[in-house]
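Visitor: protein-v8.cif is reproduced below (mmCIF, C-alpha atoms and all ligand atoms).
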data_input
loop_
_atom_site.label_atom_id
_atom_site.label_comp_id
_atom_site.auth_asym_id
_atom_site.auth_seq_id
_atom_site.Cartn_x
_atom_site.Cartn_y
_atom_site.Cartn_z
CA MET N 1 86.50 56.25 -56.45
CA ALA N 2 83.49 53.98 -56.88
CA ARG N 3 80.22 55.49 -55.73
CA SER N 4 78.70 53.81 -52.70
CA ALA N 5 75.26 52.33 -53.35
CA THR N 6 74.18 53.46 -49.88
CA LYS N 7 75.23 57.07 -50.28
CA ALA N 8 73.21 59.38 -48.01
CA LYS N 9 70.60 61.51 -49.75
CA PRO N 10 71.58 65.16 -50.23
CA THR N 11 70.41 67.14 -47.21
CA SER N 12 68.88 69.82 -49.45
CA GLU N 13 66.13 67.40 -50.53
CA LYS N 14 62.78 68.80 -49.38
CA LYS N 15 60.74 66.84 -46.86
CA PRO N 16 57.24 66.19 -48.21
CA ILE N 17 54.73 68.44 -46.42
CA GLU N 18 52.54 66.33 -44.16
CA ARG N 19 48.86 66.75 -44.92
CA VAL N 20 46.47 67.08 -42.00
CA GLU N 21 43.26 65.08 -42.08
CA HIS N 22 40.17 67.25 -41.52
CA GLU N 23 36.60 67.78 -42.53
CA GLY N 24 35.69 69.74 -45.70
CA LEU N 25 37.84 72.36 -47.39
CA LEU N 26 38.11 74.57 -44.30
CA ASP N 27 37.85 73.36 -40.73
CA VAL N 28 38.27 76.12 -38.14
CA ARG N 29 38.68 74.75 -34.64
CA ASN N 30 38.46 76.84 -31.48
CA LEU N 31 39.98 79.94 -33.08
CA THR N 32 40.84 82.60 -30.50
CA THR N 33 42.31 85.98 -31.50
CA TYR N 34 43.22 88.93 -29.27
CA PHE N 35 44.41 92.48 -29.84
CA LYS N 36 46.90 93.93 -27.40
CA LEU N 37 46.12 97.37 -26.03
CA GLY N 38 47.78 99.27 -23.17
CA VAL N 39 44.78 98.60 -20.93
CA GLY N 40 44.61 94.87 -21.69
CA ASP N 41 43.74 92.34 -24.41
CA VAL N 42 40.68 92.85 -26.62
CA LYS N 43 39.19 89.34 -26.85
CA ALA N 44 37.89 89.86 -30.36
CA VAL N 45 37.42 86.19 -31.36
CA GLN N 46 36.84 83.48 -28.77
CA ASP N 47 36.76 79.74 -29.41
CA VAL N 48 35.17 80.00 -32.87
CA SER N 49 34.64 76.75 -34.80
CA PHE N 50 33.01 76.03 -38.16
CA THR N 51 33.55 73.94 -41.27
CA LEU N 52 33.09 74.70 -44.93
CA GLN N 53 32.81 72.13 -47.72
CA ARG N 54 34.02 72.66 -51.28
CA GLY N 55 31.50 74.75 -53.20
CA GLU N 56 29.61 75.65 -50.03
CA SER N 57 28.83 79.15 -48.76
CA LEU N 58 28.85 80.22 -45.16
CA GLY N 59 27.53 83.46 -43.71
CA LEU N 60 29.22 85.12 -40.75
CA ALA N 61 26.77 87.55 -39.18
CA GLY N 62 26.47 89.76 -36.14
CA GLU N 63 26.44 93.38 -35.02
CA SER N 64 29.32 95.78 -35.50
CA GLY N 65 32.33 94.87 -33.35
CA CYS N 66 31.36 91.22 -32.80
CA GLY N 67 34.58 89.94 -34.41
CA LYS N 68 33.60 89.07 -37.99
CA THR N 69 36.48 90.88 -39.70
CA THR N 70 38.96 89.69 -37.06
CA ALA N 71 37.91 86.08 -37.68
CA ALA N 72 38.35 86.57 -41.45
CA LEU N 73 41.73 88.29 -41.11
CA SER N 74 42.85 85.50 -38.75
CA LEU N 75 42.15 82.90 -41.46
CA LEU N 76 44.59 84.69 -43.76
CA LYS N 77 46.91 85.77 -40.94
CA LEU N 78 46.54 89.38 -42.02
CA LEU N 79 45.94 90.77 -38.55
CA PRO N 80 47.14 94.26 -37.59
CA GLU N 81 50.42 94.40 -35.67
CA ASN N 82 48.78 94.26 -32.24
CA GLY N 83 46.66 91.22 -33.17
CA ARG N 84 47.60 87.59 -32.58
CA ILE N 85 46.05 84.16 -32.87
CA VAL N 86 46.14 82.94 -29.28
CA SER N 87 45.00 79.39 -29.94
CA GLY N 88 43.08 77.17 -32.33
CA ASP N 89 43.57 75.52 -35.68
CA ILE N 90 42.74 76.69 -39.19
CA LEU N 91 42.79 73.54 -41.27
CA PHE N 92 42.59 74.38 -44.95
CA ASP N 93 42.91 71.79 -47.69
CA GLY N 94 45.19 69.55 -45.62
CA ARG N 95 47.32 72.27 -44.00
CA ASN N 96 47.12 74.03 -40.65
CA LEU N 97 47.31 77.74 -41.49
CA ALA N 98 47.52 78.69 -37.79
CA LYS N 99 50.99 77.10 -37.74
CA ARG N 100 52.14 78.33 -41.14
CA THR N 101 54.99 80.79 -41.57
CA GLU N 102 54.58 84.17 -43.24
CA TYR N 103 56.31 82.74 -46.34
CA GLY N 104 53.93 79.76 -46.30
CA MET N 105 50.93 82.11 -46.03
CA SER N 106 52.15 84.18 -48.97
CA LYS N 107 51.70 81.05 -51.11
CA ILE N 108 48.09 80.67 -49.91
CA ARG N 109 46.82 84.26 -50.09
CA TRP N 110 45.12 85.18 -53.39
CA LYS N 111 46.06 81.83 -55.01
CA GLU N 112 44.03 79.64 -52.66
CA ILE N 113 42.11 82.01 -50.41
CA SER N 114 41.27 85.56 -51.40
CA ILE N 115 39.42 88.31 -49.59
CA ILE N 116 37.31 91.24 -50.64
CA PHE N 117 38.31 93.59 -47.82
CA GLN N 118 35.65 95.56 -45.96
CA GLY N 119 35.29 98.94 -47.67
CA ALA N 120 37.85 98.08 -50.37
CA MET N 121 35.72 99.41 -53.23
CA ASN N 122 35.92 102.84 -51.62
CA ALA N 123 39.65 102.50 -51.02
CA LEU N 124 40.70 102.04 -54.66
CA ASN N 125 43.54 104.33 -55.68
CA PRO N 126 41.68 107.29 -57.28
CA VAL N 127 44.53 108.14 -59.66
CA LYS N 128 45.12 104.67 -61.11
CA GLU N 129 43.03 102.85 -63.71
CA THR N 130 40.81 100.22 -62.00
CA GLY N 131 41.90 97.46 -64.39
CA LYS N 132 45.55 98.09 -63.54
CA GLN N 133 44.69 97.78 -59.84
CA VAL N 134 42.89 94.48 -60.47
CA ALA N 135 45.99 93.33 -62.38
CA GLU N 136 48.30 93.88 -59.39
CA PRO N 137 47.74 90.51 -57.59
CA ILE N 138 48.02 88.70 -60.94
CA GLN N 139 51.39 90.33 -61.66
CA LEU N 140 52.58 89.69 -58.12
CA HIS N 141 51.46 86.10 -57.71
CA GLU N 142 51.60 84.75 -61.27
CA GLY N 143 54.76 86.65 -62.22
CA LEU N 144 53.13 88.15 -65.34
CA SER N 145 53.88 91.50 -66.97
CA GLU N 146 51.23 94.23 -66.76
CA LYS N 147 50.36 93.66 -70.44
CA GLN N 148 49.86 89.90 -69.90
CA ALA N 149 47.89 90.47 -66.69
CA MET N 150 45.57 92.95 -68.44
CA VAL N 151 44.47 90.18 -70.84
CA ARG N 152 43.25 88.23 -67.80
CA VAL N 153 41.68 91.38 -66.29
CA ARG N 154 39.55 91.84 -69.43
CA GLU N 155 38.33 88.22 -69.10
CA LEU N 156 37.60 88.82 -65.42
CA TYR N 157 35.66 92.03 -66.15
CA ASP N 158 33.56 90.09 -68.63
CA LEU N 159 32.98 87.34 -66.04
CA VAL N 160 31.74 89.80 -63.40
CA GLY N 161 29.56 91.76 -65.83
CA ILE N 162 31.66 94.86 -66.58
CA ASN N 163 32.34 95.76 -70.20
CA PRO N 164 36.03 94.84 -70.69
CA LYS N 165 36.52 98.17 -72.51
CA ARG N 166 36.24 99.84 -69.09
CA VAL N 167 39.51 98.43 -67.72
CA MET N 168 41.13 101.84 -68.22
CA ASP N 169 38.39 103.68 -66.28
CA PHE N 170 39.39 105.40 -63.05
CA PRO N 171 37.39 104.57 -59.88
CA HIS N 172 35.27 107.76 -60.11
CA GLN N 173 34.12 106.74 -63.59
CA LEU N 174 32.56 103.51 -62.26
CA SER N 175 29.35 103.26 -60.23
CA GLY N 176 29.47 101.74 -56.73
CA GLY N 177 28.13 98.43 -58.05
CA MET N 178 30.75 98.36 -60.82
CA ARG N 179 33.55 99.13 -58.36
CA GLN N 180 32.39 96.25 -56.19
CA ARG N 181 32.30 94.01 -59.31
CA ALA N 182 35.91 95.06 -59.97
CA MET N 183 36.81 94.05 -56.41
CA ILE N 184 35.14 90.68 -56.97
CA ALA N 185 37.15 90.35 -60.21
CA MET N 186 40.32 91.05 -58.21
CA SER N 187 39.41 88.36 -55.66
CA LEU N 188 39.05 85.83 -58.50
CA ALA N 189 42.24 86.87 -60.28
CA CYS N 190 44.37 83.88 -59.23
CA ASN N 191 41.60 81.22 -59.27
CA PRO N 192 41.26 80.71 -55.50
CA LYS N 193 39.30 77.85 -53.93
CA LEU N 194 37.84 80.05 -51.22
CA VAL N 195 36.75 83.69 -51.38
CA ILE N 196 35.92 85.72 -48.28
CA GLY N 197 33.64 88.73 -48.87
CA ASP N 198 33.72 91.13 -45.91
CA GLU N 199 30.49 93.15 -46.12
CA PRO N 200 30.64 93.20 -49.95
CA THR N 201 27.18 94.75 -50.31
CA THR N 202 26.92 97.02 -47.28
CA ALA N 203 27.69 100.32 -48.98
CA LEU N 204 25.35 99.65 -51.92
CA ASP N 205 21.68 100.48 -52.42
CA VAL N 206 19.16 97.63 -52.20
CA MET N 207 18.82 97.02 -55.97
CA VAL N 208 22.58 96.93 -56.55
CA GLN N 209 23.02 94.82 -53.41
CA ALA N 210 20.65 92.21 -54.92
CA GLN N 211 22.60 92.26 -58.21
CA ILE N 212 25.93 91.72 -56.41
CA LEU N 213 24.50 88.85 -54.36
CA GLU N 214 23.18 87.28 -57.59
CA LEU N 215 26.61 87.68 -59.17
CA ILE N 216 28.28 85.97 -56.20
CA ALA N 217 25.75 83.10 -56.39
CA ARG N 218 26.37 82.68 -60.15
CA LEU N 219 30.16 82.77 -59.78
CA ARG N 220 30.03 80.23 -56.96
CA LYS N 221 28.19 77.80 -59.22
CA GLU N 222 30.25 78.46 -62.36
CA LEU N 223 33.61 78.29 -60.59
CA ASP N 224 32.69 75.75 -57.86
CA LEU N 225 33.87 78.30 -55.29
CA SER N 226 33.58 78.12 -51.53
CA PHE N 227 32.49 81.46 -50.11
CA ILE N 228 32.42 83.09 -46.69
CA LEU N 229 30.08 86.05 -46.73
CA ILE N 230 30.39 88.46 -43.83
CA SER N 231 27.43 90.68 -43.08
CA HIS N 232 25.77 92.40 -40.15
CA ASP N 233 22.48 91.78 -41.99
CA LEU N 234 21.07 88.29 -41.50
CA SER N 235 18.77 88.61 -44.53
CA VAL N 236 21.87 88.86 -46.77
CA MET N 237 23.06 85.55 -45.31
CA ALA N 238 19.61 84.04 -45.89
CA GLU N 239 19.66 85.00 -49.57
CA THR N 240 23.11 83.70 -50.34
CA CYS N 241 24.41 81.08 -47.91
CA ASP N 242 23.99 77.36 -47.27
CA LYS N 243 24.83 77.74 -43.61
CA GLY N 244 25.56 80.42 -41.09
CA VAL N 245 27.41 81.41 -37.97
CA VAL N 246 25.96 84.16 -35.78
CA MET N 247 28.59 85.87 -33.63
CA TYR N 248 28.14 87.98 -30.53
CA ALA N 249 30.98 89.56 -28.55
CA GLY N 250 33.59 87.41 -30.31
CA GLU N 251 31.80 84.11 -29.81
CA VAL N 252 29.57 81.87 -31.88
CA VAL N 253 26.09 82.11 -30.34
CA GLU N 254 24.21 80.14 -32.99
CA SER N 255 25.25 78.09 -36.01
CA GLY N 256 23.60 75.72 -38.44
CA THR N 257 22.08 75.67 -41.90
CA THR N 258 20.46 78.95 -42.93
CA THR N 259 17.11 77.12 -42.77
CA ASP N 260 17.85 76.13 -39.13
CA ILE N 261 18.79 79.70 -38.29
CA PHE N 262 15.79 81.33 -39.97
CA ASN N 263 13.06 78.79 -39.34
CA HIS N 264 14.18 77.77 -35.87
CA ALA N 265 16.16 80.78 -34.60
CA THR N 266 16.77 79.82 -30.97
CA HIS N 267 19.21 82.28 -29.41
CA PRO N 268 17.42 85.46 -28.22
CA TYR N 269 20.15 87.48 -29.99
CA THR N 270 19.59 85.76 -33.35
CA ARG N 271 15.85 86.31 -33.05
CA GLN N 272 16.35 90.00 -32.34
CA LEU N 273 18.86 90.30 -35.18
CA ILE N 274 16.35 88.79 -37.61
CA LYS N 275 13.74 91.32 -36.47
CA ALA N 276 16.23 94.17 -36.80
CA PHE N 277 16.39 93.95 -40.61
CA PRO N 278 13.51 94.32 -43.07
CA ASN N 279 12.74 91.35 -45.28
CA ILE N 280 11.96 92.49 -48.82
CA HIS N 281 9.78 89.41 -49.39
CA GLU N 282 7.48 89.95 -46.41
CA LYS N 283 4.92 92.53 -45.39
CA ARG N 284 6.34 95.79 -44.14
CA GLU N 285 6.75 95.93 -40.40
CA MET N 286 8.41 98.32 -38.01
CA VAL N 287 12.08 97.38 -37.85
CA SER N 288 13.30 97.02 -34.27
CA SER N 289 16.78 97.74 -33.06
CA ILE N 290 18.42 95.72 -30.31
CA LYS N 291 18.46 97.75 -27.11
CA GLY N 292 21.73 98.31 -25.25
CA ASP N 293 25.30 97.92 -26.43
CA PRO N 294 27.63 94.93 -26.85
CA PRO N 295 30.00 94.40 -23.90
CA ASN N 296 33.54 95.66 -23.52
CA LEU N 297 35.73 92.93 -24.99
CA ILE N 298 38.68 93.74 -22.73
CA SER N 299 36.74 92.49 -19.72
CA PRO N 300 33.74 90.59 -21.08
CA PRO N 301 31.03 89.54 -18.60
CA ALA N 302 31.64 86.33 -16.63
CA GLY N 303 28.28 84.82 -17.57
CA CYS N 304 26.43 85.05 -20.88
CA ALA N 305 27.77 88.02 -22.89
CA PHE N 306 24.25 88.85 -24.16
CA CYS N 307 22.66 88.69 -20.69
CA PRO N 308 22.47 92.47 -19.98
CA ARG N 309 20.45 92.98 -23.20
CA CYS N 310 18.35 89.85 -23.03
CA ASP N 311 14.62 89.83 -22.17
CA GLU N 312 14.77 86.13 -21.33
CA ARG N 313 17.62 86.20 -18.83
CA ILE N 314 17.42 84.27 -15.60
CA ALA N 315 19.63 84.67 -12.51
CA SER N 316 22.25 82.10 -13.59
CA CYS N 317 22.86 83.94 -16.91
CA GLU N 318 24.85 86.57 -15.01
CA THR N 319 27.36 84.10 -13.64
CA GLU N 320 27.34 80.99 -15.84
CA HIS N 321 28.89 81.09 -19.25
CA PRO N 322 26.84 78.75 -21.46
CA GLY N 323 28.49 76.29 -23.85
CA LEU N 324 27.05 75.39 -27.25
CA THR N 325 24.06 73.03 -27.15
CA GLU N 326 23.05 71.03 -30.20
CA VAL N 327 19.29 71.67 -30.50
CA GLU N 328 18.83 69.71 -33.73
CA ARG N 329 21.36 67.88 -35.88
CA GLY N 330 24.14 70.36 -36.71
CA HIS N 331 22.29 73.33 -35.16
CA PHE N 332 24.14 74.76 -32.14
CA VAL N 333 23.02 77.44 -29.70
CA ARG N 334 24.87 79.11 -26.81
CA CYS N 335 22.05 79.81 -24.38
CA VAL N 336 20.92 78.43 -21.05
CA HIS N 337 17.42 77.95 -22.53
CA ALA N 338 18.70 75.99 -25.50
CA LYS N 339 18.17 72.55 -23.97
CA ALA N 340 14.52 73.32 -23.26
CA ARG N 341 14.15 74.46 -26.89
CA THR N 342 15.68 71.33 -28.40
CA MET N 343 13.65 70.61 -31.52
CA ASP N 344 10.90 67.99 -31.35
CA GLY N 345 12.23 64.51 -30.89
CA PHE N 346 15.92 65.41 -31.30
CA VAL N 347 18.14 63.86 -28.68
CA PRO N 348 21.74 65.07 -28.97
CA GLY N 349 24.19 62.18 -29.16
CA ASP N 350 21.48 59.79 -30.38
CA GLU N 351 23.06 59.52 -33.83
CA ALA N 352 26.77 59.71 -34.61
CA ALA N 353 27.31 63.05 -32.91
CA PRO N 354 29.98 65.44 -34.23
CA ASP N 355 33.04 65.41 -32.01
CA GLN N 356 33.44 69.18 -31.88
CA GLU N 357 31.32 72.20 -31.38
CA GLY N 358 30.28 74.27 -34.36
CA VAL N 359 28.92 73.53 -37.81
N1 LIG K 401 43.73 96.72 -34.16
C1 LIG K 401 42.86 96.63 -33.15
N2 LIG K 401 43.23 96.90 -31.89
C2 LIG K 401 42.37 96.79 -30.87
N3 LIG K 401 41.09 96.37 -30.99
C3 LIG K 401 40.66 96.08 -32.23
C4 LIG K 401 41.50 96.19 -33.38
N4 LIG K 401 40.79 95.82 -34.48
C5 LIG K 401 39.56 95.51 -34.03
N5 LIG K 401 39.47 95.65 -32.69
C6 LIG K 401 38.31 95.37 -31.84
O1 LIG K 401 37.99 93.99 -31.99
C7 LIG K 401 36.58 93.80 -31.94
C8 LIG K 401 36.12 93.08 -33.18
O2 LIG K 401 36.29 93.96 -34.29
P1 LIG K 401 35.94 93.52 -35.79
O3 LIG K 401 36.44 94.59 -36.69
O4 LIG K 401 36.43 92.15 -36.03
O5 LIG K 401 34.35 93.51 -35.76
P2 LIG K 401 33.31 93.35 -36.94
O6 LIG K 401 32.33 92.34 -36.49
O7 LIG K 401 34.00 93.11 -38.22
O8 LIG K 401 32.59 94.79 -36.94
P3 LIG K 401 32.02 95.65 -38.19
O9 LIG K 401 30.66 95.08 -38.50
O10 LIG K 401 31.92 97.04 -37.62
O11 LIG K 401 32.96 95.57 -39.34
C9 LIG K 401 35.97 95.19 -31.74
O12 LIG K 401 35.76 95.38 -30.37
C10 LIG K 401 37.06 96.11 -32.25
O13 LIG K 401 36.99 97.38 -31.60
MG MG K 402 34.13 94.17 -39.98
#
Will you turn the file into C-alpha cells for me?

Guide:
Amino acid sequence: MARSATKAKPTSEKKPIERVEHEGLLDVRNLTTYFKLGVGDVKAVQDVSFTLQRGESLGLAGESGCGKTTAALSLLKLLPENGRIVSGDILFDGRNLAKRTEYGMSKIRWKEISIIFQGAMNALNPVKETGKQVAEPIQLHEGLSEKQAMVRVRELYDLVGINPKRVMDFPHQLSGGMRQRAMIAMSLACNPKLVIGDEPTTALDVMVQAQILELIARLRKELDLSFILISHDLSVMAETCDKGVVMYAGEVVESGTTTDIFNHATHPYTRQLIKAFPNIHEKREMVSSIKGDPPNLISPPAGCAFCPRCDERIASCETEHPGLTEVERGHFVRCVHAKARTMDGFVPGDEAAPDQEGV
C-alpha cells in the first residue's frame, strides 16, 4: 500500500519544551514555602523575589531561622517531606522549576544548579576516601565509572587548591579548610551554571574563611559562575557578592547592590545586623547583638515582623504589614520609614521602574 503523504506524525515524538521569558539566569518571583507541623504551618519563606544574572553573585543574609536554607532548598526542590512550595515561580534559564516534576529536577540538580549543603564538610562519610565521595555525583550524573570519575576529581582538587595526591585521604586527614575545598570541588563536578553555598565558611576560623571566600571569587571569574552565598554574617556578603537580599522572619526586608546595603542600609534590622558583626578592615568596636528573638513563624505578627525588636517602631508598625519600597534605583526596603528615607532626589517610578518587587 502506498504511503500517504499526509500521514500523522508518530505520537511518541516529543513536544519541544516551551522556554519561559524572564530576566537573568535566575528569576525568583514571590516564592512562598511552608512546613507542615501538627500545630500549624511554619511560614518559613514568604513572597521572596530576586534575580541573578549570569556570572553574578548574590548574598542571602539574616539571623538563624530567617528562612535562608529553606529558600535555597526550595530552588532545588529538595525540601524535607513536610515542606512545600505554596506559591511563586522559580524561573531558571528559561524553565519554571516550581512547576517541574521530580524527574525534571533530577536533570537540573548538580548539572545546572549545585549546592554546598550547610554543614556538609562535617557530614562527610568518615570511613570513605574524600575523593571517592566527590566522585559520586560525577558517576551518578555523567554515567562514568569510579576510575573515570577519579580523573576528573584530581583535576577538581587541583582547581580548588588541594594537592590531587590527597584524593585518597579520609576526612579526618584533611583540615577544615581542605574539607570545605573538597565540598566546593564536589559542587563543581558537573560544570553547573549556578552554585549555592549555604554557610560555606561558618565553621571555619577567620583566616581560612578569607581563603575560602577568595577561592570562591576566583572560581566565579574563571568559570563564569553565578553564585548564591548564604550567610548570617553580612560582612561575608560584603566581601564576596555583587548584590544582596536581607531576610527576616521568612521575608525580604532589604535588597539591592551590596554597596546600597552597606553604604545606605535603611531597614533598622539591616543596620543592627551590620553592627552585630566585626569588620576586619575597621577599628575595633564593641560588637552588639540584636535584642529579643525572631517571631514564631507559625503565627507571625500581623504588622511588621521586626516591630517588637525595633527601636524606631511607631504605633502603626504593630498592625500594618509594610510592603517593599524602592528607596533608590533597585534598592528595596520593607519598613514604614522607608519612604521618608528615600535617597536624595530619587523618585520611584520616575525612570522605567521594575515591574516586580525585589532585586
Ligand atoms: N522540616 C521542618 N519542619 C518545620 N519547620 C522547619 C523545618 N525546617 C526548618 N524549619 C523552620 O523554618 C524556619 C526557617 O529555617 P531555615 O533553616 O530555612 O533558616 P536559616 O535562615 O537557614 O537558619 P540558620 O542560619 O540557622 O541555618 C525556622 O523557623 C525553622 O525552625
Ligand atoms: Mg540555614

Visitor: Any idea what's packed within 8 Å of region 185-201 of chain N, counting only C-alpha atoms, ignoring anything in its chain fewer than 3 positions away? Could you give it as a ChimeraX atom specification?

Guide: /N:54,69,72,110-119,134-135,137-138,141-142,152-153,156-157,159-160,180-182,204,209,212-213,224-232

Visitor: Using only C-alpha atoms and all ligand atoms, which residues of the polymer chains come no farther than 10 Å from ligand LIG 401 (chain K)? I'd like the answer as a PyMOL selection string.

Guide: chain N and resi 33-38+40-45+60-74+79-83+118-119+198-199+202+230-233+247-250+294-298

Visitor: May I have the residues at most 10 Å from (40.6, 66.6, -41.5) in the file's coordinates, counting all atoms listed in the file, as a PDB file with C-alpha atoms, in the frame of the given file?

Guide:
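Wrote it out as part-v5.pdb, contents follow:
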ATOM      1  CA  ARG N  19      48.860  66.750 -44.920  1.00  0.00           C
ATOM      2  CA  VAL N  20      46.470  67.080 -42.000  1.00  0.00           C
ATOM      3  CA  GLU N  21      43.260  65.080 -42.080  1.00  0.00           C
ATOM      4  CA  HIS N  22      40.170  67.250 -41.520  1.00  0.00           C
ATOM      5  CA  GLU N  23      36.600  67.780 -42.530  1.00  0.00           C
ATOM      6  CA  GLY N  24      35.690  69.740 -45.700  1.00  0.00           C
ATOM      7  CA  LEU N  25      37.840  72.360 -47.390  1.00  0.00           C
ATOM      8  CA  LEU N  26      38.110  74.570 -44.300  1.00  0.00           C
ATOM      9  CA  ASP N  27      37.850  73.360 -40.730  1.00  0.00           C
ATOM     10  CA  LEU N  91      42.790  73.540 -41.270  1.00  0.00           C
ATOM     11  CA  PHE N  92      42.590  74.380 -44.950  1.00  0.00           C
ATOM     12  CA  ASP N  93      42.910  71.790 -47.690  1.00  0.00           C
ATOM     13  CA  GLY N  94      45.190  69.550 -45.620  1.00  0.00           C
ATOM     14  CA  ARG N  95      47.320  72.270 -44.000  1.00  0.00           C
ATOM     15  CA  ASN N  96      47.120  74.030 -40.650  1.00  0.00           C
TER      16      ASN N  96
END

Visitor: How far is it from CA of Arg84 (chain N) to CA of Leu324 (chain N), in Å with one decimal?

Guide: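 Result for CA of Arg84 (chain N) versus CA of Leu324 (chain N): 24.5 Å, one decimal.
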
Visitor: With 4 Å of padding per side, what axis-aligned box (centre and edge lengths, Å, one decimal) covers all the listed atoms of region 50-56 of chain N? Give it as lines of an AutoDock Vina configuration file.

Guide:
center_x = 31.8
center_y = 74.1
center_z = -45.7
size_x = 12.4
size_y = 11.9
size_z = 23.0

Visitor: From the list N:Val167, N:Ala120, N:Met178, N:Cys310, which residue is nearest ligand MG 402 (chain K) when using only C-alpha atoms and all ligand atoms?

Guide: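 Of N:Val167, N:Ala120, N:Met178, N:Cys310, the one nearest ligand MG 402 (chain K) is N:Ala120, counting only C-alpha atoms and all ligand atoms.
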
Visitor: Under the rule that only C-alpha atoms are counted, which of N:Cys304, N:Val127, N:Val206, N:Leu219 is the nearest residue to Gly161 (chain N)?

Guide: N:Leu219

Visitor: Report, in Å to a single decimal, how far apart CA of Ser57 (chain N) and CA of Asp242 (chain N) are.

Guide: 5.4 Å

Visitor: To one decimal in Å, tell me the separation between CA of Lys275 (chain N) and CA of Ser289 (chain N).

Guide: 7.9 Å

Visitor: Would you mind listing what lies within 8 Å of region 317-319 of chain N as a PyMOL selection string, with all atoms listed in the file counted and same-chain residues fewer than 5 positions away left out?

Guide: chain N and resi 301-304+307+336

Visitor: Rank N:Leu76, N:Met105, N:Ser87, N:Ala276 by their smallest atom-to-atom distance to Asp47 (chain N), using all atoms listed in the file, and report the top residue only.

Guide: N:Ser87

Visitor: Would you mind completing region 27-41 of chain N so that it carries N, CA and C atoms, and writing it out as a JSON list (two decimals), keeping the file's coordinate frame?

Guide:
[["chain", "number", "residue", "atom", "x", "y", "z"],
["N", 27, "ASP", "N", 38.33, 73.87, -42.02],
["N", 27, "ASP", "CA", 37.85, 73.36, -40.73],
["N", 27, "ASP", "C", 38.52, 74.23, -39.65],
["N", 28, "VAL", "N", 37.74, 75.19, -39.15],
["N", 28, "VAL", "CA", 38.27, 76.12, -38.14],
["N", 28, "VAL", "C", 37.91, 75.56, -36.77],
["N", 29, "ARG", "N", 38.93, 75.36, -35.94],
["N", 29, "ARG", "CA", 38.68, 74.75, -34.64],
["N", 29, "ARG", "C", 39.13, 75.65, -33.50],
["N", 30, "ASN", "N", 38.18, 76.09, -32.72],
["N", 30, "ASN", "CA", 38.46, 76.84, -31.48],
["N", 30, "ASN", "C", 39.38, 78.04, -31.70],
["N", 31, "LEU", "N", 39.15, 78.76, -32.77],
["N", 31, "LEU", "CA", 39.98, 79.94, -33.08],
["N", 31, "LEU", "C", 39.78, 81.05, -32.05],
["N", 32, "THR", "N", 40.88, 81.53, -31.50],
["N", 32, "THR", "CA", 40.84, 82.60, -30.50],
["N", 32, "THR", "C", 41.87, 83.66, -30.89],
["N", 33, "THR", "N", 41.41, 84.89, -31.07],
["N", 33, "THR", "CA", 42.31, 85.98, -31.50],
["N", 33, "THR", "C", 42.14, 87.20, -30.59],
["N", 34, "TYR", "N", 43.25, 87.74, -30.14],
["N", 34, "TYR", "CA", 43.22, 88.93, -29.27],
["N", 34, "TYR", "C", 43.99, 90.08, -29.92],
["N", 35, "PHE", "N", 43.62, 91.29, -29.51],
["N", 35, "PHE", "CA", 44.41, 92.48, -29.84],
["N", 35, "PHE", "C", 44.99, 93.03, -28.55],
["N", 36, "LYS", "N", 46.26, 93.39, -28.61],
["N", 36, "LYS", "CA", 46.90, 93.93, -27.40],
["N", 36, "LYS", "C", 46.74, 95.45, -27.36],
["N", 37, "LEU", "N", 46.20, 95.93, -26.27],
["N", 37, "LEU", "CA", 46.12, 97.37, -26.03],
["N", 37, "LEU", "C", 46.78, 97.65, -24.69],
["N", 38, "GLY", "N", 47.14, 98.91, -24.43],
["N", 38, "GLY", "CA", 47.78, 99.27, -23.17],
["N", 38, "GLY", "C", 46.98, 98.82, -21.96],
["N", 39, "VAL", "N", 45.64, 98.91, -22.08],
["N", 39, "VAL", "CA", 44.78, 98.60, -20.93],
["N", 39, "VAL", "C", 44.45, 97.11, -20.81],
["N", 40, "GLY", "N", 44.88, 96.31, -21.76],
["N", 40, "GLY", "CA", 44.61, 94.87, -21.69],
["N", 40, "GLY", "C", 44.36, 94.29, -23.08],
["N", 41, "ASP", "N", 44.00, 93.01, -23.13],
["N", 41, "ASP", "CA", 43.74, 92.34, -24.41],
["N", 41, "ASP", "C", 42.28, 92.49, -24.81]]
